>>> print(open('structure_19.tsv').read())   # TSV, C-alpha atoms
chain	number	residue	atom	x	y	z
A	29	MET	CA	-6.42	39.50	-48.96
A	30	MET	CA	-9.48	37.26	-48.77
A	31	HIS	CA	-7.46	34.46	-50.40
A	32	LYS	CA	-4.73	34.74	-47.74
A	33	LEU	CA	-7.32	34.80	-44.96
A	34	GLY	CA	-9.01	31.73	-46.37
A	35	LEU	CA	-5.65	29.95	-46.59
A	36	MET	CA	-4.84	30.80	-42.98
A	37	CYS	CA	-8.23	29.51	-41.81
A	38	ALA	CA	-7.68	26.31	-43.75
A	39	LEU	CA	-4.24	25.85	-42.17
A	40	LEU	CA	-5.63	26.48	-38.69
A	41	ALA	CA	-8.47	24.04	-39.29
A	42	GLY	CA	-5.97	21.49	-40.48
A	43	SER	CA	-3.83	22.00	-37.36
A	44	VAL	CA	-6.84	21.52	-35.08
A	45	TRP	CA	-7.86	18.41	-37.00
A	46	ALA	CA	-4.31	17.02	-36.74
A	47	ALA	CA	-4.20	17.68	-33.01
A	48	GLU	CA	-7.46	15.80	-32.56
A	49	VAL	CA	-6.17	12.77	-34.38
A	50	PRO	CA	-4.85	10.38	-31.69
A	51	GLN	CA	-1.20	9.49	-31.84
A	52	ARG	CA	-0.50	5.90	-32.80
A	53	ASN	CA	1.43	3.26	-30.88
A	54	LEU	CA	1.48	5.08	-27.54
A	55	VAL	CA	2.46	3.08	-24.46
A	56	ASN	CA	2.15	4.35	-20.88
A	57	PHE	CA	4.15	2.68	-18.12
A	58	GLU	CA	6.06	3.25	-14.90
A	59	ALA	CA	9.45	2.40	-13.43
A	60	VAL	CA	10.32	2.51	-9.73
A	61	ALA	CA	13.60	2.86	-7.86
A	62	SER	CA	13.68	2.62	-4.07
A	63	ARG	CA	16.08	2.24	-1.18
A	64	GLU	CA	16.00	1.75	2.59
A	65	VAL	CA	17.97	4.56	4.20
A	66	SER	CA	19.26	4.62	7.75
A	67	ASN	CA	17.65	7.37	9.80
A	68	ASP	CA	20.25	9.96	10.74
A	69	LEU	CA	18.05	12.38	12.70
A	70	ALA	CA	16.21	11.90	16.00
A	71	THR	CA	13.59	14.22	17.50
A	72	ALA	CA	12.81	13.76	21.19
A	73	THR	CA	9.86	15.30	23.02
A	74	LEU	CA	10.15	15.84	26.76
A	75	PHE	CA	7.51	17.34	29.00
A	76	VAL	CA	6.69	18.52	32.49
A	77	GLU	CA	3.10	18.46	33.74
A	78	LEU	CA	2.14	20.05	37.08
A	79	SER	CA	-0.98	21.16	38.96
A	80	ASP	CA	-1.61	24.09	41.30
A	81	ALA	CA	-4.50	26.19	42.57
A	82	ASN	CA	-2.63	29.38	41.66
A	83	PRO	CA	-2.10	29.75	37.87
A	84	ALA	CA	0.74	32.26	38.24
A	85	ARG	CA	2.64	30.01	40.63
A	86	LEU	CA	1.99	27.06	38.33
A	87	ALA	CA	3.36	28.92	35.29
A	88	GLU	CA	6.47	29.81	37.29
A	89	LYS	CA	7.07	26.15	38.19
A	90	VAL	CA	6.72	24.97	34.59
A	91	ASN	CA	8.86	27.78	33.20
A	92	LEU	CA	11.52	27.05	35.82
A	93	ALA	CA	11.67	23.41	34.74
A	94	LEU	CA	11.91	24.34	31.04
A	95	SER	CA	14.54	27.04	31.60
A	96	GLY	CA	16.59	24.56	33.65
A	97	ALA	CA	16.35	22.07	30.79
A	98	LEU	CA	17.51	24.68	28.27
A	99	LYS	CA	20.42	25.53	30.54
A	100	THR	CA	21.45	21.87	30.62
A	101	LEU	CA	21.05	21.71	26.84
A	102	LYS	CA	23.89	24.23	26.42
A	103	GLN	CA	26.28	21.58	27.71
A	104	TYR	CA	25.45	19.45	24.65
A	105	PRO	CA	26.46	21.35	21.48
A	106	ALA	CA	25.55	18.36	19.29
A	107	VAL	CA	21.87	18.65	20.31
A	108	GLN	CA	19.59	21.48	19.17
A	109	SER	CA	16.32	22.76	20.59
A	110	ALA	CA	13.35	22.57	18.21
A	111	GLY	CA	11.27	24.84	20.45
A	112	THR	CA	9.05	24.73	23.51
A	113	THR	CA	5.27	24.75	23.95
A	114	TYR	CA	3.10	25.60	26.93
A	115	ALA	CA	-0.58	24.89	27.67
A	116	THR	CA	-2.80	25.44	30.73
A	117	TYR	CA	-6.30	24.13	31.37
A	118	PRO	CA	-8.65	24.07	34.40
A	119	ILE	CA	-9.19	21.04	36.63
A	120	TYR	CA	-12.75	20.18	37.71
A	121	GLY	CA	-13.80	17.96	40.59
A	122	ASN	CA	-15.35	14.60	39.73
A	123	LYS	CA	-18.32	15.04	42.07
A	124	SER	CA	-18.78	18.80	42.40
A	125	ASN	CA	-17.97	19.58	38.76
A	126	LYS	CA	-16.46	22.81	40.06
A	127	GLN	CA	-13.04	24.12	39.16
A	128	GLU	CA	-10.51	23.01	41.76
A	129	GLY	CA	-7.28	24.24	40.22
A	130	TRP	CA	-5.13	24.44	37.12
A	131	ARG	CA	-2.90	22.01	35.25
A	132	SER	CA	-0.09	23.03	32.91
A	133	ARG	CA	2.06	21.10	30.49
A	134	GLY	CA	5.30	22.39	29.05
A	135	GLU	CA	7.09	20.56	26.25
A	136	LEU	CA	10.61	20.74	24.90
A	137	GLN	CA	11.63	19.25	21.55
A	138	LEU	CA	15.21	18.29	20.86
A	139	THR	CA	16.81	17.22	17.59
A	140	SER	CA	20.21	15.72	16.93
A	141	LYS	CA	22.21	13.54	14.57
A	142	ASP	CA	24.37	12.47	17.51
A	143	PHE	CA	22.19	9.76	19.05
A	144	SER	CA	24.62	9.07	21.86
A	145	ALA	CA	24.65	12.72	22.98
A	146	LEU	CA	20.86	12.96	22.73
A	147	SER	CA	20.44	9.79	24.76
A	148	GLN	CA	22.73	11.10	27.52
A	149	LEU	CA	20.98	14.48	27.56
A	150	ILE	CA	17.57	12.84	27.94
A	151	GLY	CA	18.84	10.96	30.97
A	152	ASP	CA	20.30	14.13	32.47
A	153	LEU	CA	17.08	16.10	31.96
A	154	GLN	CA	14.97	13.40	33.55
A	155	ALA	CA	17.24	13.41	36.60
A	156	SER	CA	17.94	17.14	36.99
A	157	SER	CA	14.88	18.97	35.60
A	158	GLY	CA	12.13	16.50	36.32
A	159	LEU	CA	11.15	16.27	32.67
A	160	GLN	CA	9.64	13.06	31.31
A	161	LEU	CA	10.21	11.59	27.89
A	162	ALA	CA	7.10	11.41	25.73
A	163	GLY	CA	8.82	9.72	22.80
A	164	VAL	CA	11.49	9.82	20.11
A	165	ARG	CA	10.80	9.99	16.38
A	166	TYR	CA	13.35	9.01	13.76
A	167	SER	CA	13.75	10.39	10.26
A	168	VAL	CA	16.17	11.03	7.42
A	169	SER	CA	17.64	14.54	7.34
A	170	ASP	CA	16.84	16.75	4.34
A	171	ALA	CA	20.44	16.69	3.14
A	172	ALA	CA	20.68	12.90	3.26
A	173	LYS	CA	17.25	12.46	1.67
A	174	SER	CA	18.11	14.83	-1.18
A	175	LYS	CA	21.34	12.95	-1.90
A	176	VAL	CA	19.54	9.60	-2.02
A	177	GLU	CA	16.76	11.00	-4.22
A	178	GLU	CA	19.31	12.22	-6.77
A	179	LEU	CA	20.77	8.71	-7.03
A	180	LEU	CA	17.33	7.15	-7.27
A	181	ILE	CA	16.27	9.54	-10.04
A	182	GLU	CA	19.21	8.31	-12.12
A	183	GLU	CA	18.30	4.71	-11.36
A	184	GLY	CA	14.61	5.35	-12.10
A	185	ILE	CA	15.29	6.94	-15.50
A	186	ALA	CA	17.68	4.10	-16.41
A	187	ALA	CA	14.98	1.59	-15.45
A	188	PHE	CA	12.43	3.52	-17.54
A	189	LYS	CA	14.73	3.33	-20.59
A	190	ARG	CA	15.31	-0.39	-20.10
A	191	ARG	CA	11.58	-1.01	-19.89
A	192	ALA	CA	10.99	1.11	-23.00
A	193	ALA	CA	13.55	-0.97	-24.91
A	194	LEU	CA	11.91	-4.15	-23.66
A	195	ILE	CA	8.49	-2.96	-24.86
A	196	GLN	CA	9.96	-2.02	-28.22
A	197	ARG	CA	11.49	-5.48	-28.71
A	198	SER	CA	8.37	-7.25	-27.50
A	199	MET	CA	6.19	-5.28	-29.95
A	200	SER	CA	8.70	-5.72	-32.80
A	201	ALA	CA	8.84	-1.95	-33.21
A	202	LYS	CA	11.55	-0.19	-35.18
A	203	ASP	CA	12.36	2.27	-32.37
A	204	TRP	CA	10.77	4.32	-29.60
A	205	GLN	CA	10.55	8.00	-28.78
A	206	LEU	CA	9.78	9.67	-25.47
A	207	VAL	CA	6.47	11.55	-25.46
A	208	ASN	CA	6.38	12.69	-21.82
A	209	MET	CA	7.88	11.81	-18.46
A	210	ASN	CA	6.95	12.56	-14.85
A	211	ILE	CA	9.26	12.05	-11.86
A	212	ASN	CA	7.81	11.85	-8.34
A	213	THR	CA	9.69	11.25	-5.11
A	214	GLY	CA	8.22	9.55	-2.05
A	215	TYR	CA	9.39	9.25	1.54
A	216	ARG	CA	7.99	6.97	4.24
A	217	PRO	CA	9.63	7.67	7.62
A	218	GLU	CA	10.26	5.04	10.29
A	219	PRO	CA	6.85	4.46	11.89
A	220	ARG	CA	8.30	3.20	15.18
A	221	VAL	CA	8.24	5.73	18.02
A	222	MET	CA	10.16	4.94	21.19
A	223	MET	CA	8.00	5.71	24.22
A	224	MET	CA	8.85	5.83	27.92
A	225	LYS	CA	6.72	5.11	30.97
A	226	SER	CA	5.49	8.03	33.04
A	227	ALA	CA	7.60	9.14	35.99
A	228	PRO	CA	5.48	7.56	38.79
A	229	MET	CA	5.97	4.12	37.23
A	230	MET	CA	9.72	4.51	36.74
A	231	ASP	CA	12.52	3.76	39.15
A	232	ALA	CA	14.74	6.77	39.86
A	233	ALA	CA	17.84	4.97	38.61
A	234	VAL	CA	16.08	4.01	35.38
A	235	SER	CA	14.81	7.56	34.73
A	236	ALA	CA	18.33	8.95	35.07
A	237	ALA	CA	19.86	6.38	32.71
A	238	PRO	CA	20.50	7.25	29.06
A	239	ALA	CA	17.45	6.56	26.91
A	240	PRO	CA	17.88	3.64	24.47
A	241	ILE	CA	17.83	4.98	20.91
A	242	GLU	CA	17.65	2.73	17.84
A	243	SER	CA	17.27	4.70	14.65
A	244	GLY	CA	15.95	2.09	12.20
A	245	GLU	CA	15.42	2.88	8.52
A	246	SER	CA	13.06	4.85	6.27
A	247	HIS	CA	11.90	4.10	2.75
A	248	VAL	CA	12.80	6.53	-0.05
A	249	GLN	CA	11.27	5.94	-3.48
A	250	VAL	CA	11.26	7.56	-6.93
A	251	ASN	CA	8.51	6.85	-9.47
A	252	VAL	CA	9.22	7.57	-13.12
A	253	ASN	CA	6.13	7.35	-15.32
A	254	GLY	CA	5.47	8.51	-18.83
A	255	SER	CA	4.59	7.67	-22.40
A	256	ILE	CA	6.59	6.48	-25.38
A	257	GLN	CA	5.63	6.17	-29.03
A	258	LEU	CA	6.71	3.05	-30.88
A	259	GLY	CA	7.95	3.42	-34.43
A	260	ASP	CA	6.29	1.39	-37.19
>>> encode(input="structure_19.tsv", output="C-alpha coordinates")
Amino acid sequence: MMHKLGLMCALLAGSVWAAEVPQRNLVNFEAVASREVSNDLATATLFVELSDANPARLAEKVNLALSGALKTLKQYPAVQSAGTTYATYPIYGNKSNKQEGWRSRGELQLTSKDFSALSQLIGDLQASSGLQLAGVRYSVSDAAKSKVEELLIEEGIAAFKRRAALIQRSMSAKDWQLVNMNINTGYRPEPRVMMMKSAPMMDAAVSAAPAPIESGESHVQVNVNGSIQLGD
(Lines of atoms letter the chains of each structure in order from A and count residues from 1; the text may use other names and numbers.)
(Lines give C-alpha, C1' and ligand atoms only; values in the text may rest on other atoms or scores of the structure.)
Protein backbone atom coordinates (compact mmCIF):
# COMPACT_ATOMS: atom_id res chain seq x y z
CA MET A 1 0.00 0.00 0.00
CA MET A 2 2.82 2.38 0.91
CA HIS A 3 4.60 1.41 -2.32
CA LYS A 4 1.52 2.28 -4.41
CA LEU A 5 1.09 5.57 -2.57
CA GLY A 6 4.73 6.44 -3.14
CA LEU A 7 4.37 5.61 -6.84
CA MET A 8 1.29 7.81 -7.15
CA CYS A 9 3.07 10.72 -5.45
CA ALA A 10 6.02 10.28 -7.79
CA LEU A 11 3.71 10.30 -10.83
CA LEU A 12 1.92 13.41 -9.59
CA ALA A 13 5.22 15.16 -8.93
CA GLY A 14 6.35 14.22 -12.40
CA SER A 15 3.14 15.61 -13.92
CA VAL A 16 3.56 18.91 -12.07
CA TRP A 17 7.19 19.11 -13.15
CA ALA A 18 6.21 18.42 -16.77
CA ALA A 19 3.52 21.09 -16.67
CA GLU A 20 6.05 23.61 -15.40
CA VAL A 21 8.46 22.88 -18.22
CA PRO A 22 7.76 25.50 -20.93
CA GLN A 23 6.65 24.22 -24.28
CA ARG A 24 9.19 24.67 -27.04
CA ASN A 25 8.82 26.52 -30.34
CA LEU A 26 5.65 28.41 -29.44
CA VAL A 27 4.64 31.31 -31.67
CA ASN A 28 1.85 33.78 -30.86
CA PHE A 29 0.32 35.86 -33.64
CA GLU A 30 -2.89 37.40 -34.95
CA ALA A 31 -4.85 37.52 -38.19
CA VAL A 32 -7.54 40.08 -39.03
CA ALA A 33 -10.46 40.05 -41.45
CA SER A 34 -12.59 43.16 -41.92
CA ARG A 35 -15.21 44.63 -44.19
CA GLU A 36 -17.09 47.90 -44.70
CA VAL A 37 -20.81 47.18 -44.51
CA SER A 38 -23.58 49.46 -45.71
CA ASN A 39 -25.78 50.62 -42.85
CA ASP A 40 -29.27 49.20 -43.26
CA LEU A 41 -30.91 50.68 -40.15
CA ALA A 42 -31.67 54.30 -39.26
CA THR A 43 -32.78 55.62 -35.87
CA ALA A 44 -34.29 59.11 -35.81
CA THR A 45 -34.93 61.17 -32.69
CA LEU A 46 -37.64 63.83 -32.82
CA PHE A 47 -38.65 66.10 -29.98
CA VAL A 48 -41.08 68.76 -28.83
CA GLU A 49 -40.05 71.29 -26.19
CA LEU A 50 -42.58 73.70 -24.66
CA SER A 51 -42.90 76.06 -21.69
CA ASP A 52 -45.87 76.97 -19.49
CA ALA A 53 -46.57 78.31 -16.02
CA ASN A 54 -48.99 75.45 -15.36
CA PRO A 55 -47.24 72.03 -15.28
CA ALA A 56 -50.45 70.07 -15.87
CA ARG A 57 -51.34 72.14 -18.93
CA LEU A 58 -47.76 71.81 -20.16
CA ALA A 59 -47.82 68.01 -19.82
CA GLU A 60 -51.09 67.94 -21.77
CA LYS A 61 -49.55 69.94 -24.63
CA VAL A 62 -46.50 67.70 -24.88
CA ASN A 63 -48.52 64.50 -24.63
CA LEU A 64 -50.89 65.79 -27.31
CA ALA A 65 -47.97 66.40 -29.67
CA LEU A 66 -46.50 62.93 -29.02
CA SER A 67 -49.84 61.14 -29.35
CA GLY A 68 -50.46 62.97 -32.64
CA ALA A 69 -47.04 61.82 -33.86
CA LEU A 70 -47.79 58.21 -32.92
CA LYS A 71 -51.10 58.45 -34.76
CA THR A 72 -49.29 59.63 -37.89
CA LEU A 73 -46.75 56.82 -37.43
CA LYS A 74 -49.51 54.23 -37.97
CA GLN A 75 -49.72 55.38 -41.59
CA TYR A 76 -46.13 54.18 -42.11
CA PRO A 77 -45.97 50.40 -41.46
CA ALA A 78 -42.30 50.28 -42.52
CA VAL A 79 -41.31 52.53 -39.58
CA GLN A 80 -41.35 51.38 -35.96
CA SER A 81 -41.43 53.35 -32.72
CA ALA A 82 -38.46 52.77 -30.40
CA GLY A 83 -40.24 54.48 -27.51
CA THR A 84 -40.91 57.92 -26.08
CA THR A 85 -39.35 59.86 -23.20
CA TYR A 86 -40.61 62.81 -21.18
CA ALA A 87 -38.81 65.25 -18.87
CA THR A 88 -39.90 68.40 -17.02
CA TYR A 89 -37.74 70.95 -15.21
CA PRO A 90 -38.35 74.39 -13.65
CA ILE A 91 -37.46 77.69 -15.31
CA TYR A 92 -35.82 80.41 -13.20
CA GLY A 93 -35.59 84.11 -14.01
CA ASN A 94 -32.16 85.49 -14.91
CA LYS A 95 -32.40 88.43 -12.50
CA SER A 96 -34.79 87.30 -9.77
CA ASN A 97 -33.53 83.71 -9.65
CA LYS A 98 -37.12 82.75 -8.83
CA GLN A 99 -39.08 80.04 -10.56
CA GLU A 100 -41.13 81.53 -13.38
CA GLY A 101 -42.58 78.42 -14.98
CA TRP A 102 -41.91 74.94 -16.29
CA ARG A 103 -40.32 73.52 -19.42
CA SER A 104 -40.95 70.03 -20.78
CA ARG A 105 -39.32 68.00 -23.50
CA GLY A 106 -40.87 64.94 -25.06
CA GLU A 107 -38.89 62.71 -27.42
CA LEU A 108 -39.92 60.07 -29.92
CA GLN A 109 -37.47 57.58 -31.42
CA LEU A 110 -38.18 55.93 -34.74
CA THR A 111 -36.33 53.08 -36.44
CA SER A 112 -36.61 51.75 -39.96
CA LYS A 113 -34.79 49.93 -42.73
CA ASP A 114 -36.88 51.84 -45.26
CA PHE A 115 -34.99 55.14 -45.42
CA SER A 116 -37.39 56.66 -47.91
CA ALA A 117 -40.42 56.01 -45.67
CA LEU A 118 -38.59 57.31 -42.60
CA SER A 119 -37.55 60.44 -44.43
CA GLN A 120 -41.13 61.14 -45.54
CA LEU A 121 -42.49 60.49 -42.04
CA ILE A 122 -40.00 62.92 -40.49
CA GLY A 123 -41.20 65.61 -42.87
CA ASP A 124 -44.84 64.87 -42.07
CA LEU A 125 -44.24 64.97 -38.30
CA GLN A 126 -42.43 68.28 -38.52
CA ALA A 127 -45.34 69.77 -40.45
CA SER A 128 -48.31 68.21 -38.64
CA SER A 129 -47.19 67.61 -35.03
CA GLY A 130 -44.69 70.39 -34.55
CA LEU A 131 -41.90 67.97 -33.70
CA GLN A 132 -38.30 68.87 -34.49
CA LEU A 133 -35.60 66.50 -35.65
CA ALA A 134 -32.70 66.15 -33.23
CA GLY A 135 -30.72 63.79 -35.44
CA VAL A 136 -30.48 60.47 -37.25
CA ARG A 137 -28.04 57.68 -36.35
CA TYR A 138 -27.10 54.92 -38.77
CA SER A 139 -26.11 51.35 -37.96
CA VAL A 140 -26.01 47.79 -39.22
CA SER A 141 -28.94 45.63 -38.10
CA ASP A 142 -28.19 42.63 -35.88
CA ALA A 143 -29.19 40.17 -38.60
CA ALA A 144 -26.93 41.77 -41.22
CA LYS A 145 -24.05 42.12 -38.76
CA SER A 146 -24.30 38.46 -37.71
CA LYS A 147 -24.23 37.33 -41.35
CA VAL A 148 -21.12 39.40 -42.09
CA GLU A 149 -19.38 38.21 -38.92
CA GLU A 150 -19.89 34.58 -39.93
CA LEU A 151 -18.19 35.24 -43.28
CA LEU A 152 -15.37 37.15 -41.62
CA ILE A 153 -14.76 34.36 -39.09
CA GLU A 154 -14.16 31.97 -41.99
CA GLU A 155 -11.84 34.48 -43.64
CA GLY A 156 -10.04 35.17 -40.36
CA ILE A 157 -9.38 31.49 -39.64
CA ALA A 158 -8.17 30.95 -43.22
CA ALA A 159 -5.81 33.91 -42.82
CA PHE A 160 -4.58 32.50 -39.50
CA LYS A 161 -3.77 29.16 -41.18
CA ARG A 162 -1.94 30.88 -44.03
CA ARG A 163 0.14 32.88 -41.58
CA ALA A 164 0.91 29.73 -39.57
CA ALA A 165 2.13 27.99 -42.73
CA LEU A 166 4.24 31.04 -43.59
CA ILE A 167 5.83 31.01 -40.13
CA GLN A 168 6.51 27.29 -40.43
CA ARG A 169 8.29 27.71 -43.78
CA SER A 170 10.22 30.75 -42.59
CA MET A 171 11.45 28.87 -39.50
CA SER A 172 12.22 25.71 -41.52
CA ALA A 173 9.96 23.73 -39.19
CA LYS A 174 8.68 20.26 -40.02
CA ASP A 175 5.04 21.14 -39.26
CA TRP A 176 2.85 23.17 -36.91
CA GLN A 177 0.11 22.37 -34.45
CA LEU A 178 -2.56 24.64 -33.01
CA VAL A 179 -2.18 25.25 -29.27
CA ASN A 180 -5.02 27.73 -28.71
CA MET A 181 -7.17 30.17 -30.65
CA ASN A 182 -9.34 33.14 -29.70
CA ILE A 183 -11.89 34.79 -31.99
CA ASN A 184 -13.15 38.31 -31.25
CA THR A 185 -15.59 40.37 -33.28
CA GLY A 186 -15.60 44.16 -33.44
CA TYR A 187 -18.09 46.68 -34.77
CA ARG A 188 -17.55 50.39 -35.32
CA PRO A 189 -20.80 52.13 -36.36
CA GLU A 190 -20.99 55.11 -38.70
CA PRO A 191 -19.91 58.07 -36.57
CA ARG A 192 -21.75 60.64 -38.70
CA VAL A 193 -25.03 61.87 -37.23
CA MET A 194 -27.33 63.95 -39.41
CA MET A 195 -28.57 66.97 -37.46
CA MET A 196 -31.25 69.53 -38.29
CA LYS A 197 -31.56 73.18 -37.32
CA SER A 198 -34.07 74.12 -34.64
CA ALA A 199 -37.55 75.14 -35.74
CA PRO A 200 -37.17 78.94 -35.31
CA MET A 201 -34.27 78.94 -37.78
CA MET A 202 -36.05 76.80 -40.37
CA ASP A 203 -38.35 77.88 -43.16
CA ALA A 204 -41.78 76.25 -42.99
CA ALA A 205 -41.39 74.69 -46.44
CA VAL A 206 -38.01 73.25 -45.48
CA SER A 207 -39.29 71.76 -42.20
CA ALA A 208 -42.09 69.97 -44.03
CA ALA A 209 -39.78 68.51 -46.69
CA PRO A 210 -38.49 64.95 -46.39
CA ALA A 211 -35.29 64.79 -44.34
CA PRO A 212 -32.18 63.89 -46.38
CA ILE A 213 -30.91 60.48 -45.25
CA GLU A 214 -27.55 59.05 -46.34
CA SER A 215 -26.75 55.81 -44.58
CA GLY A 216 -22.98 55.50 -45.07
CA GLU A 217 -21.04 52.43 -43.92
CA SER A 218 -19.85 50.79 -40.70
CA HIS A 219 -16.71 48.76 -40.06
CA VAL A 220 -17.05 45.11 -39.02
CA GLN A 221 -13.90 43.25 -37.99
CA VAL A 222 -12.90 39.80 -36.73
CA ASN A 223 -9.61 39.22 -34.89
CA VAL A 224 -8.25 35.68 -34.74
CA ASN A 225 -5.31 35.31 -32.37
CA GLY A 226 -3.66 32.28 -30.89
CA SER A 227 -0.58 30.14 -30.51
CA ILE A 228 0.99 27.41 -32.61
CA GLN A 229 3.82 25.01 -31.83
CA LEU A 230 6.39 24.38 -34.52
CA GLY A 231 7.66 20.85 -35.01
CA ASP A 232 11.41 20.19 -34.85
>>> atom_distance(input="structure_19.tsv", atom1="atom CA of Ser200 of chain A", atom2="atom CA of Asp260 of chain A")
8.7 Å
>>> atom_distance(input="structure_19.tsv", atom1="atom CA of Met199 of chain A", atom2="atom CA of Arg52 of chain A")
13.3 Å
>>> closest_residue(input="structure_19.tsv", among="A:Gly254, A:Gly96, A:Gly184, A:Gly259", to="Arg63 of chain A", atoms="all atoms listed in the file")
A:Gly184
>>> axis_aligned_box(input="structure_19.tsv", around="segment 245-255 of chain A", padding_each_side="3 Å", output="JSON")
{"center_x": 10.0, "center_y": 5.7, "center_z": -6.9, "size_x": 16.8, "size_y": 11.6, "size_z": 36.9}
>>> closest_atom_pairs(input="structure_19.tsv", of="segment 35-149 of chain A", to="segment 180-183 of chain A", cutoff="10 Å", atoms="only C-alpha atoms", output="CSV")
residue,atom,partner,partner_atom,distance
A:Ala59,CA,A:Glu183,CA,9.4
A:Val60,CA,A:Glu183,CA,8.4
A:Ala61,CA,A:Leu180,CA,5.7
A:Ser62,CA,A:Leu180,CA,6.6
A:Arg63,CA,A:Leu180,CA,7.9
>>> atom_distance(input="structure_19.tsv", atom1="atom CA of Ser198 of chain A", atom2="atom CA of Asn253 of chain A")
19.1 Å
>>> residues_near_point(input="structure_19.tsv", point="(-0.7, 4.2, -31.8)", cutoff="12 Å", atoms="only C-alpha atoms", output="PyMOL selection string")
chain A and resi 49-56+199+201+204+255-260
>>> residues_around(input="structure_19.tsv", residues="Leu138 of chain A", least_positions_apart="3", cutoff="9 Å", atoms="all atoms listed in the file", output="JSON list (two decimals) with C-alpha atoms, in the frame of the given file")
[["chain", "number", "residue", "atom", "x", "y", "z"],
["A", 70, "ALA", "CA", 16.21, 11.90, 16.00],
["A", 71, "THR", "CA", 13.59, 14.22, 17.50],
["A", 72, "ALA", "CA", 12.81, 13.76, 21.19],
["A", 73, "THR", "CA", 9.86, 15.30, 23.02],
["A", 74, "LEU", "CA", 10.15, 15.84, 26.76],
["A", 107, "VAL", "CA", 21.87, 18.65, 20.31],
["A", 108, "GLN", "CA", 19.59, 21.48, 19.17],
["A", 109, "SER", "CA", 16.32, 22.76, 20.59],
["A", 110, "ALA", "CA", 13.35, 22.57, 18.21],
["A", 111, "GLY", "CA", 11.27, 24.84, 20.45],
["A", 146, "LEU", "CA", 20.86, 12.96, 22.73]]
>>> residues_around(input="structure_19.tsv", residues="Ile211 of chain A", least_positions_apart="6", cutoff="7 Å", atoms="only C-alpha atoms", output="list in words")
Val250, Asn251, Val252 and Asn253 of chain A
>>> residues_around(input="structure_19.tsv", residues="Ser156 of chain A", least_positions_apart="5", cutoff="10 Å", atoms="all atoms listed in the file", output="PyMOL selection string")
chain A and resi 93+96-97+100+151+236
>>> write_last_selection(input="structure_19.tsv", atoms="C-alpha atoms", output="mmCIF file, in the frame of the given file")
data_model
loop_
_atom_site.group_PDB
_atom_site.id
_atom_site.type_symbol
_atom_site.label_atom_id
_atom_site.label_comp_id
_atom_site.auth_asym_id
_atom_site.auth_seq_id
_atom_site.Cartn_x
_atom_site.Cartn_y
_atom_site.Cartn_z
ATOM 1 C CA ALA A 93 11.670 23.410 34.740
ATOM 2 C CA GLY A 96 16.590 24.560 33.650
ATOM 3 C CA ALA A 97 16.350 22.070 30.790
ATOM 4 C CA THR A 100 21.450 21.870 30.620
ATOM 5 C CA GLY A 151 18.840 10.960 30.970
ATOM 6 C CA ALA A 236 18.330 8.950 35.070
#
>>> closest_residue(input="structure_19.tsv", among="A:Glu58, A:Glu64, A:Glu245, A:Glu128", to="Ala81 of chain A", atoms="all atoms listed in the file")
A:Glu128
>>> closest_residue(input="structure_19.tsv", among="A:Gln154, A:Gln103, A:Thr113, A:Gln160", to="Glu77 of chain A", atoms="all atoms listed in the file")
A:Gln160
>>> closest_residue(input="structure_19.tsv", among="A:Leu153, A:Leu206, A:Ala192, A:Ala186", to="Leu101 of chain A", atoms="only C-alpha atoms")
A:Leu153
